[in-house]
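> My structure is stored as structure.cif, with mmCIF, C-alpha atoms.
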```cif
data_structure
loop_
_atom_site.label_atom_id
_atom_site.label_comp_id
_atom_site.auth_asym_id
_atom_site.auth_seq_id
_atom_site.Cartn_x
_atom_site.Cartn_y
_atom_site.Cartn_z
CA MET A 1268 -74.52 72.09 -27.37
CA SER A 1269 -77.79 70.17 -27.20
CA ASP A 1270 -75.99 67.72 -24.90
CA PHE A 1271 -76.45 70.26 -22.12
CA LEU A 1272 -80.07 69.13 -21.93
CA THR A 1273 -79.27 65.43 -21.58
CA LEU A 1274 -75.90 64.94 -19.87
CA GLY A 1275 -75.91 65.50 -16.11
CA PHE A 1276 -72.29 66.56 -15.80
CA LEU A 1277 -72.74 69.22 -18.50
CA GLN A 1278 -75.92 70.51 -16.87
CA ARG A 1279 -74.07 70.90 -13.57
CA ALA A 1280 -71.11 72.54 -15.33
CA LEU A 1281 -73.43 74.99 -17.08
CA MET A 1282 -75.32 75.87 -13.89
CA ALA A 1283 -72.16 76.30 -11.82
CA GLY A 1284 -70.49 78.27 -14.60
CA LEU A 1285 -73.40 80.68 -14.94
CA LEU A 1286 -73.50 81.30 -11.18
CA VAL A 1287 -69.75 81.89 -10.96
CA SER A 1288 -69.79 84.09 -14.07
CA LEU A 1289 -72.55 86.23 -12.56
CA LEU A 1290 -70.58 86.65 -9.34
CA CYS A 1291 -67.30 87.45 -11.08
CA GLY A 1292 -69.01 89.81 -13.52
CA VAL A 1293 -70.56 91.86 -10.72
CA LEU A 1294 -67.44 92.04 -8.54
CA SER A 1295 -65.13 92.58 -11.51
CA VAL A 1296 -66.48 96.10 -12.07
CA PHE A 1297 -65.62 97.12 -8.51
CA VAL A 1298 -62.22 95.42 -8.78
CA ILE A 1299 -61.42 97.45 -11.91
CA LEU A 1300 -62.74 100.74 -10.52
CA ARG A 1301 -60.82 100.28 -7.26
CA ARG A 1302 -57.70 99.03 -9.04
CA MET A 1303 -57.60 95.85 -6.98
CA ALA A 1304 -56.54 93.42 -9.71
CA PHE A 1305 -53.28 92.55 -7.95
CA ILE A 1306 -55.14 91.88 -4.69
CA GLY A 1307 -57.28 89.39 -6.60
CA VAL A 1308 -54.13 87.66 -7.83
CA GLY A 1309 -52.74 87.55 -4.29
CA ILE A 1310 -55.92 86.13 -2.75
CA SER A 1311 -56.38 83.57 -5.53
CA HIS A 1312 -52.86 82.22 -5.18
CA SER A 1313 -53.09 82.24 -1.38
CA ALA A 1314 -55.98 79.81 -1.80
CA PHE A 1315 -53.38 77.23 -2.77
CA GLY A 1316 -52.21 77.15 0.84
CA GLY A 1317 -55.77 76.55 2.07
CA VAL A 1318 -56.45 73.84 -0.49
CA ALA A 1319 -53.21 72.05 0.39
CA LEU A 1320 -54.10 72.33 4.09
CA GLY A 1321 -57.39 70.58 3.35
CA PHE A 1322 -55.55 67.66 1.75
CA LEU A 1323 -53.21 67.49 4.74
CA LEU A 1324 -56.06 67.46 7.28
CA GLY A 1325 -58.26 65.18 5.21
CA VAL A 1326 -61.16 67.66 5.01
CA ASP A 1327 -62.95 69.37 2.14
CA PRO A 1328 -60.35 71.69 0.53
CA LEU A 1329 -63.13 74.16 -0.34
CA TRP A 1330 -63.71 75.11 3.28
CA THR A 1331 -60.05 75.27 4.26
CA GLY A 1332 -59.48 77.30 1.10
CA ILE A 1333 -62.23 79.74 2.11
CA LEU A 1334 -60.89 80.13 5.67
CA PHE A 1335 -57.31 80.53 4.45
CA SER A 1336 -58.17 83.03 1.71
CA VAL A 1337 -60.38 85.12 4.01
CA ALA A 1338 -57.61 85.14 6.64
CA VAL A 1339 -55.03 86.27 4.07
CA ALA A 1340 -57.38 88.95 2.73
CA LEU A 1341 -57.93 90.35 6.22
CA LEU A 1342 -54.21 90.17 7.00
CA ILE A 1343 -53.51 92.24 3.87
CA GLU A 1344 -56.03 94.84 5.02
CA TRP A 1345 -54.62 94.81 8.56
CA SER A 1346 -51.05 95.28 7.32
CA LEU A 1347 -52.15 98.23 5.19
CA ALA A 1348 -53.95 99.84 8.13
CA HIS A 1349 -51.28 99.26 10.79
CA GLY A 1350 -48.04 98.66 8.91
CA ARG A 1351 -45.68 100.85 6.93
CA VAL A 1352 -45.57 98.82 3.75
CA GLU A 1353 -47.23 99.61 0.45
CA GLU A 1354 -50.19 97.59 -0.78
CA ASP A 1355 -48.29 95.70 -3.49
CA THR A 1356 -45.54 94.82 -1.00
CA ALA A 1357 -48.00 93.37 1.51
CA ILE A 1358 -49.76 91.38 -1.21
CA GLY A 1359 -46.46 90.05 -2.54
CA ILE A 1360 -45.38 88.90 0.92
CA PHE A 1361 -48.60 87.03 1.72
CA PHE A 1362 -48.79 85.71 -1.86
CA ALA A 1363 -45.34 84.10 -1.55
CA ALA A 1364 -45.85 82.88 2.02
CA SER A 1365 -49.17 81.21 1.15
CA MET A 1366 -47.73 79.45 -1.89
CA ALA A 1367 -44.75 78.26 0.19
CA LEU A 1368 -47.07 76.94 2.91
CA GLY A 1369 -49.11 75.15 0.26
CA LEU A 1370 -46.01 73.35 -1.02
CA VAL A 1371 -45.06 72.36 2.54
CA PHE A 1372 -48.59 71.09 3.27
CA LEU A 1373 -48.59 69.03 0.06
CA HIS A 1374 -45.20 67.58 0.95
CA LEU A 1375 -46.45 66.57 4.40
CA SER A 1376 -49.67 65.10 3.05
CA ARG A 1377 -47.92 63.19 0.25
CA VAL A 1378 -50.85 64.01 -2.03
CA TYR A 1379 -49.89 64.64 -5.65
CA ASN A 1380 -52.89 63.54 -7.66
CA VAL A 1381 -55.56 64.69 -10.08
CA ASP A 1382 -57.44 66.52 -7.29
CA VAL A 1383 -54.54 68.93 -6.79
CA PHE A 1384 -54.23 69.39 -10.56
CA GLY A 1385 -57.96 70.15 -10.73
CA PHE A 1386 -57.70 72.88 -8.11
CA LEU A 1387 -54.71 74.42 -9.88
CA PHE A 1388 -56.14 74.42 -13.40
CA GLY A 1389 -59.88 73.89 -12.90
CA ASN A 1390 -62.09 70.88 -13.53
CA LEU A 1391 -65.50 72.31 -14.40
CA LEU A 1392 -66.83 69.12 -15.95
CA ALA A 1393 -66.22 67.19 -12.71
CA ILE A 1394 -68.45 69.42 -10.57
CA GLY A 1395 -70.99 67.44 -8.56
CA PRO A 1396 -74.35 68.36 -6.97
CA ARG A 1397 -72.68 69.32 -3.68
CA GLN A 1398 -70.37 71.82 -5.39
CA VAL A 1399 -73.31 73.34 -7.28
CA THR A 1400 -75.14 73.82 -3.97
CA GLU A 1401 -72.08 75.45 -2.39
CA ILE A 1402 -71.69 77.82 -5.34
CA PHE A 1403 -75.40 78.68 -5.20
CA LEU A 1404 -75.20 79.55 -1.49
CA VAL A 1405 -72.14 81.75 -2.02
CA THR A 1406 -73.92 83.46 -4.91
CA LEU A 1407 -76.93 84.29 -2.73
CA VAL A 1408 -74.77 85.66 0.07
CA VAL A 1409 -72.47 87.78 -2.10
CA LEU A 1410 -75.21 89.26 -4.29
CA ALA A 1411 -77.28 90.08 -1.20
CA VAL A 1412 -74.35 91.95 0.34
CA VAL A 1413 -73.70 93.84 -2.92
CA TRP A 1414 -77.38 94.80 -3.16
CA ILE A 1415 -77.52 96.01 0.47
CA PHE A 1416 -74.29 98.05 0.29
CA PHE A 1417 -74.43 98.98 -3.40
CA LYS A 1418 -74.39 102.78 -2.92
CA GLU A 1419 -71.59 102.60 -0.37
CA LEU A 1420 -69.49 100.33 -2.60
CA VAL A 1421 -69.94 102.68 -5.55
CA PHE A 1422 -69.03 105.70 -3.39
CA LEU A 1423 -65.95 103.86 -2.12
CA SER A 1424 -64.92 102.90 -5.64
CA PHE A 1425 -64.96 106.46 -7.00
CA ASP A 1426 -63.73 108.51 -4.03
CA GLU A 1427 -62.50 106.70 -0.93
CA GLU A 1428 -61.26 109.87 0.77
CA MET A 1429 -64.64 111.55 0.42
CA ALA A 1430 -66.27 108.37 1.74
CA TRP A 1431 -64.12 108.68 4.87
CA VAL A 1432 -65.14 112.31 5.32
CA SER A 1433 -68.83 111.48 4.77
CA GLY A 1434 -68.87 108.95 7.59
CA VAL A 1435 -69.03 105.82 5.43
CA PRO A 1436 -67.54 102.82 7.33
CA VAL A 1437 -64.71 102.52 4.85
CA ARG A 1438 -62.56 100.03 6.75
CA LEU A 1439 -65.52 97.73 7.39
CA LEU A 1440 -66.53 97.89 3.72
CA ARG A 1441 -62.96 97.22 2.58
CA CYS A 1442 -62.82 94.12 4.77
CA LEU A 1443 -66.26 93.03 3.62
CA PHE A 1444 -65.30 93.41 -0.02
CA LEU A 1445 -62.10 91.43 0.49
CA VAL A 1446 -64.07 88.64 2.15
CA MET A 1447 -66.49 88.61 -0.80
CA MET A 1448 -63.55 88.44 -3.20
CA ALA A 1449 -62.14 85.50 -1.27
CA LEU A 1450 -65.47 83.64 -1.36
CA VAL A 1451 -65.94 84.23 -5.08
CA ILE A 1452 -62.36 83.26 -5.88
CA ILE A 1453 -62.69 79.95 -4.03
CA VAL A 1454 -65.86 78.88 -5.86
CA ALA A 1455 -64.46 80.16 -9.16
CA ILE A 1456 -61.52 77.80 -8.72
CA TYR A 1457 -63.88 75.01 -9.80
CA LEU A 1458 -64.28 76.85 -13.10
CA VAL A 1459 -60.75 77.83 -14.12
CA GLY A 1460 -58.46 76.83 -11.24
CA ILE A 1461 -56.17 78.81 -8.95
CA ILE A 1462 -53.79 79.76 -11.77
CA LEU A 1463 -56.40 81.50 -13.94
CA VAL A 1464 -59.13 82.53 -11.49
CA SER A 1465 -57.94 86.13 -11.14
CA ALA A 1466 -58.72 86.60 -14.86
CA LEU A 1467 -62.45 86.21 -14.14
CA LEU A 1468 -62.24 89.08 -11.64
CA VAL A 1469 -60.41 91.40 -14.02
CA ILE A 1470 -61.26 90.82 -17.69
CA PRO A 1471 -65.10 91.16 -17.58
CA GLY A 1472 -64.86 94.49 -15.76
CA ALA A 1473 -62.17 95.71 -18.16
CA ILE A 1474 -64.40 94.82 -21.11
CA ALA A 1475 -67.32 96.66 -19.51
CA GLN A 1476 -65.13 99.70 -18.92
CA ASN A 1477 -64.31 99.75 -22.65
CA LEU A 1478 -67.99 99.73 -23.56
CA SER A 1479 -69.68 101.90 -20.92
CA ARG A 1480 -69.11 104.58 -18.29
CA ARG A 1481 -72.30 104.16 -16.24
CA ILE A 1482 -71.85 101.90 -13.23
CA ARG A 1483 -75.09 99.93 -13.60
CA ALA A 1484 -74.53 99.45 -17.32
CA MET A 1485 -70.97 98.33 -16.62
CA ILE A 1486 -72.19 95.71 -14.17
CA GLY A 1487 -74.76 94.44 -16.68
CA VAL A 1488 -72.20 94.27 -19.49
CA SER A 1489 -69.60 92.62 -17.27
CA ALA A 1490 -71.99 89.94 -16.00
CA GLY A 1491 -73.36 89.34 -19.51
CA VAL A 1492 -69.91 89.03 -21.08
CA ALA A 1493 -68.74 86.70 -18.31
CA ALA A 1494 -71.81 84.47 -18.69
CA GLY A 1495 -71.64 84.50 -22.48
CA SER A 1496 -67.94 83.64 -22.48
CA MET A 1497 -68.57 80.83 -20.04
CA VAL A 1498 -71.27 79.28 -22.23
CA GLY A 1499 -69.26 79.80 -25.41
CA GLY A 1500 -66.03 78.58 -23.84
CA LEU A 1501 -67.68 75.53 -22.33
CA GLY A 1502 -69.28 74.63 -25.66
CA ALA A 1503 -66.02 75.14 -27.55
CA SER A 1504 -64.03 73.11 -25.03
CA TYR A 1505 -66.53 70.24 -25.25
CA SER A 1506 -66.52 70.28 -29.05
CA LEU A 1507 -62.76 70.68 -29.47
CA ASP A 1508 -61.70 68.70 -26.38
CA TYR A 1509 -59.87 71.71 -24.91
CA PRO A 1510 -59.53 72.51 -21.17
CA PRO A 1511 -62.75 74.39 -20.21
CA GLY A 1512 -61.14 76.94 -17.89
CA ALA A 1513 -58.40 77.92 -20.31
CA THR A 1514 -60.89 78.14 -23.19
CA ILE A 1515 -63.16 80.47 -21.21
CA VAL A 1516 -60.28 82.77 -20.24
CA LEU A 1517 -58.94 82.85 -23.81
CA LEU A 1518 -62.39 83.77 -25.13
CA LEU A 1519 -62.64 86.59 -22.59
CA SER A 1520 -59.18 87.80 -23.61
CA VAL A 1521 -60.15 87.89 -27.28
CA ILE A 1522 -63.28 89.89 -26.44
CA TYR A 1523 -61.20 92.33 -24.39
CA LEU A 1524 -58.76 92.85 -27.27
CA ALA A 1525 -61.66 93.38 -29.67
CA THR A 1526 -63.35 95.98 -27.44
CA SER A 1527 -60.01 97.71 -26.82
CA LEU A 1528 -59.46 98.02 -30.58
CA LEU A 1529 -63.01 99.33 -30.95
CA GLN A 1530 -62.41 101.89 -28.23
CA HIS A 1531 -59.14 102.96 -29.86
CA ARG A 1532 -60.87 103.34 -33.23
CA ARG A 1533 -63.59 105.50 -31.67
CA ARG A 1534 -60.95 107.80 -30.17
CA LEU A 1535 -59.21 108.18 -33.53
CA THR A 1536 -62.56 108.94 -35.17
CA ARG A 1537 -63.34 111.65 -32.62
CA LYS A 1538 -59.93 113.28 -33.11
CA ALA A 1539 -60.42 113.24 -36.87
#
```
Give the structure from the file, written as structure tokens.


Amino acid sequence: MSDFLTLGFLQRALMAGLLVSLLCGVLSVFVILRRMAFIGVGISHSAFGGVALGFLLGVDPLWTGILFSVAVALLIEWSLAHGRVEEDTAIGIFFAASMALGLVFLHLSRVYNVDVFGFLFGNLLAIGPRQVTEIFLVTLVVLAVVWIFFKELVFLSFDEEMAWVSGVPVRLLRCLFLVMMALVIIVAIYLVGIILVSALLVIPGAIAQNLSRRIRAMIGVSAGVAAGSMVGGLGASYSLDYPPGATIVLLLSVIYLATSLLQHRRRLTRKA
């Protein structure tokens, strides 16, 4: 682990991983409380269409991925507000359509190389200075929005109907939250890839929910667990020559199972 202090690519991986872990840890609590895990899966997989479009057009896949994911997120919200379909149905439709478009774009671009593989499964150790800057800017924007609208987001997470009655701009906040999810998912793709990125938006919040019931404490636990798992997973992957993204997600999963067993044991103790 001392190599983090001397090797440039590991320093960049560590910095990017900590920023992404902080973002995912904070948003994960709201995703869990609002039961939006499947939306995260839909948006993350829709990013594949945007990334493939970037390869087709010859531009940075990050930006086309952001535009595509934000568009899909807003289309999901629009279909829920104006359509007659259920949320999971709308997500499933856009999920499938985005993946299909991605395959068509890749076919047209004739690009089947390591770059596509990296976006699908993550390539944390290949992150350059430009990607670190992009992740840092997204981190500033998303955390600023969460800080400004923190009370409204908490209100919306616990009682959306009461938020409507109280005059909170629910639809605007829903769209804003979906846009933030899309931004975080795109930068988190560098860490674990499109296939696993939804795990970073679900598992830390689930762990925090096992350990605390206070919203601020949950956010602290979630961000801390996400950051700790990133550092531990990155170190383990470097030492064992395992894929970094998969190692991080597996470590988070083990922690979730451990906290779930602890929670179950506490319940049995209380009943006894």

> At what distance in Å, to one decimal, does CA of Ala1493 (chain A) lie from CA of Leu1294 (chain A)?

11.2 Å

> Using only C-alpha atoms, find all polymer residues with an atom at most 7 Å away from the point (-64.2, 72.9, -17.9); report them as a list in words.

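Counting only C-alpha atoms, I find these residues within 7 Å of (-64.2, 72.9, -17.9): Gly1389, Asn1390, Leu1391, Leu1392, Leu1458, Leu1501, Pro1510, Pro1511 and Gly1512 of chain A.
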
> Which value, in Å to one decimal, gives the distance between CA of Thr1514 (chain A) and CA of Ile1462 (chain A)?

13.5 Å

> Quote the spacing between CA of Tyr1509 (chain A) and CA of Leu1467 (chain A) in Å to one decimal place.

18.2 Å

> With the file shown as input, list the residues that the PyMOL selection byres ((chain A and resi 1289) around 10) selects, as a list in words.

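With the shown file as input, the PyMOL selection byres ((chain A and resi 1289) around 10) matches Ala1283, Gly1284, Leu1285, Leu1286, Val1287, Ser1288, Leu1290, Cys1291, Gly1292, Val1293, Leu1294, Ser1295, Thr1406, Leu1410, Ile1486, Gly1487, Ser1489, Ala1490, Gly1491, Val1492, Ala1493 and Ala1494 of chain A.
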
> Which residue, A:Ala1393, A:Phe1403, A:His1312, A:Leu1347, has the smallest gap to Arg1441 (chain A) when you use only C-alpha atoms?

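Comparing A:Ala1393, A:Phe1403, A:His1312, A:Leu1347 against Arg1441 (chain A), the winner is A:Leu1347.
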
> Could you tell me which residues the PyMOL selection byres ((chain A and resi 1483) around 12) returns for this structure, as a VMD selection string?

chain A and resid 1292 to 1293 1296 to 1297 1414 1417 to 1418 1421 1472 1475 to 1476 1479 to 1482 1484 to 1490

> Output C-alpha atoms for every residue in that selection, as a PDB file, in the coordinates of the input.


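File produced: again33.pdb:
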```
ATOM      1  CA  GLY A1292     -69.010  89.810 -13.520  1.00  0.00           C
ATOM      2  CA  VAL A1293     -70.560  91.860 -10.720  1.00  0.00           C
ATOM      3  CA  VAL A1296     -66.480  96.100 -12.070  1.00  0.00           C
ATOM      4  CA  PHE A1297     -65.620  97.120  -8.510  1.00  0.00           C
ATOM      5  CA  TRP A1414     -77.380  94.800  -3.160  1.00  0.00           C
ATOM      6  CA  PHE A1417     -74.430  98.980  -3.400  1.00  0.00           C
ATOM      7  CA  LYS A1418     -74.390 102.780  -2.920  1.00  0.00           C
ATOM      8  CA  VAL A1421     -69.940 102.680  -5.550  1.00  0.00           C
ATOM      9  CA  GLY A1472     -64.860  94.490 -15.760  1.00  0.00           C
ATOM     10  CA  ALA A1475     -67.320  96.660 -19.510  1.00  0.00           C
ATOM     11  CA  GLN A1476     -65.130  99.700 -18.920  1.00  0.00           C
ATOM     12  CA  SER A1479     -69.680 101.900 -20.920  1.00  0.00           C
ATOM     13  CA  ARG A1480     -69.110 104.580 -18.290  1.00  0.00           C
ATOM     14  CA  ARG A1481     -72.300 104.160 -16.240  1.00  0.00           C
ATOM     15  CA  ILE A1482     -71.850 101.900 -13.230  1.00  0.00           C
ATOM     16  CA  ALA A1484     -74.530  99.450 -17.320  1.00  0.00           C
ATOM     17  CA  MET A1485     -70.970  98.330 -16.620  1.00  0.00           C
ATOM     18  CA  ILE A1486     -72.190  95.710 -14.170  1.00  0.00           C
ATOM     19  CA  GLY A1487     -74.760  94.440 -16.680  1.00  0.00           C
ATOM     20  CA  VAL A1488     -72.200  94.270 -19.490  1.00  0.00           C
ATOM     21  CA  SER A1489     -69.600  92.620 -17.270  1.00  0.00           C
ATOM     22  CA  ALA A1490     -71.990  89.940 -16.000  1.00  0.00           C
TER      23      ALA A1490
END
```

> Measuring between only C-alpha atoms, which one of A:Leu1423, A:Val1413, A:Met1448, A:Val1437 shows the shortest distance to Ser1336 (chain A)?

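Using only C-alpha atoms, Ser1336 (chain A) sits closest to A:Met1448.
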
> For Ala1449 (chain A), which residue among A:Ala1280, A:Ile1394, A:Val1521, A:Leu1329 is the nearest when counting only C-alpha atoms?

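For Ala1449 (chain A), the nearest of the given residues is A:Leu1329.
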
> May I have the residues within 9 Å of Ala1304 (chain A) as a list in words, using only C-alpha atoms and disregarding those fewer than 6 positions away in the same chain?

Ser1295, Val1298, Ser1465, Ala1466, Leu1468 and Val1469 of chain A

> Restricted to C-alpha atoms, what would the selected residues look like written as a compact mmCIF listing (two decimals), in the coordinates of the input?


```
# COMPACT_ATOMS: atom_id res chain seq x y z
CA SER A 1295 -65.13 92.58 -11.51
CA VAL A 1298 -62.22 95.42 -8.78
CA SER A 1465 -57.94 86.13 -11.14
CA ALA A 1466 -58.72 86.60 -14.86
CA LEU A 1468 -62.24 89.08 -11.64
CA VAL A 1469 -60.41 91.40 -14.02
```

> For this file, the PyMOL selection byres ((chain A and resi 1310) around 9) selects which residues, as a list in words?

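Taken on the displayed file, the PyMOL selection byres ((chain A and resi 1310) around 9) yields the residues Phe1305, Ile1306, Gly1307, Val1308, Gly1309, Ser1311, His1312, Ser1313, Ala1314, Ser1336, Val1337, Val1339, Ala1340, Ile1358, Phe1361, Phe1362, Leu1445, Met1448, Ala1449, Ile1452 and Ser1465 of chain A.
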
> Which of these residues is nearest to Gly1275 (chain A), using only C-alpha atoms: A:Pro1396, A:Pro1471, A:Gly1500, A:Gly1434?

A:Pro1396

> Between A:Phe1315, A:Trp1345, A:Phe1422, A:Tyr1523, single out the one closest to Ala1367 (chain A), counting all atoms listed in the file.

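Ranking A:Phe1315, A:Trp1345, A:Phe1422, A:Tyr1523 by distance to Ala1367 (chain A), first place goes to A:Phe1315.
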
> Between A:Met1497, A:Val1435, A:Ile1402, A:Val1446, which is the closest to Phe1416 (chain A) once you count only C-alpha atoms?

A:Val1435

> Scan for residues within 12 Å of the point (-59.1, 70.5, -1.0) in the coordinates of the file, using all atoms listed in the file, and reply as a PyMOL selection string.

chain A and resi 1314-1335+1369+1372-1373+1376+1378-1387+1453-1454+1456-1457+1461
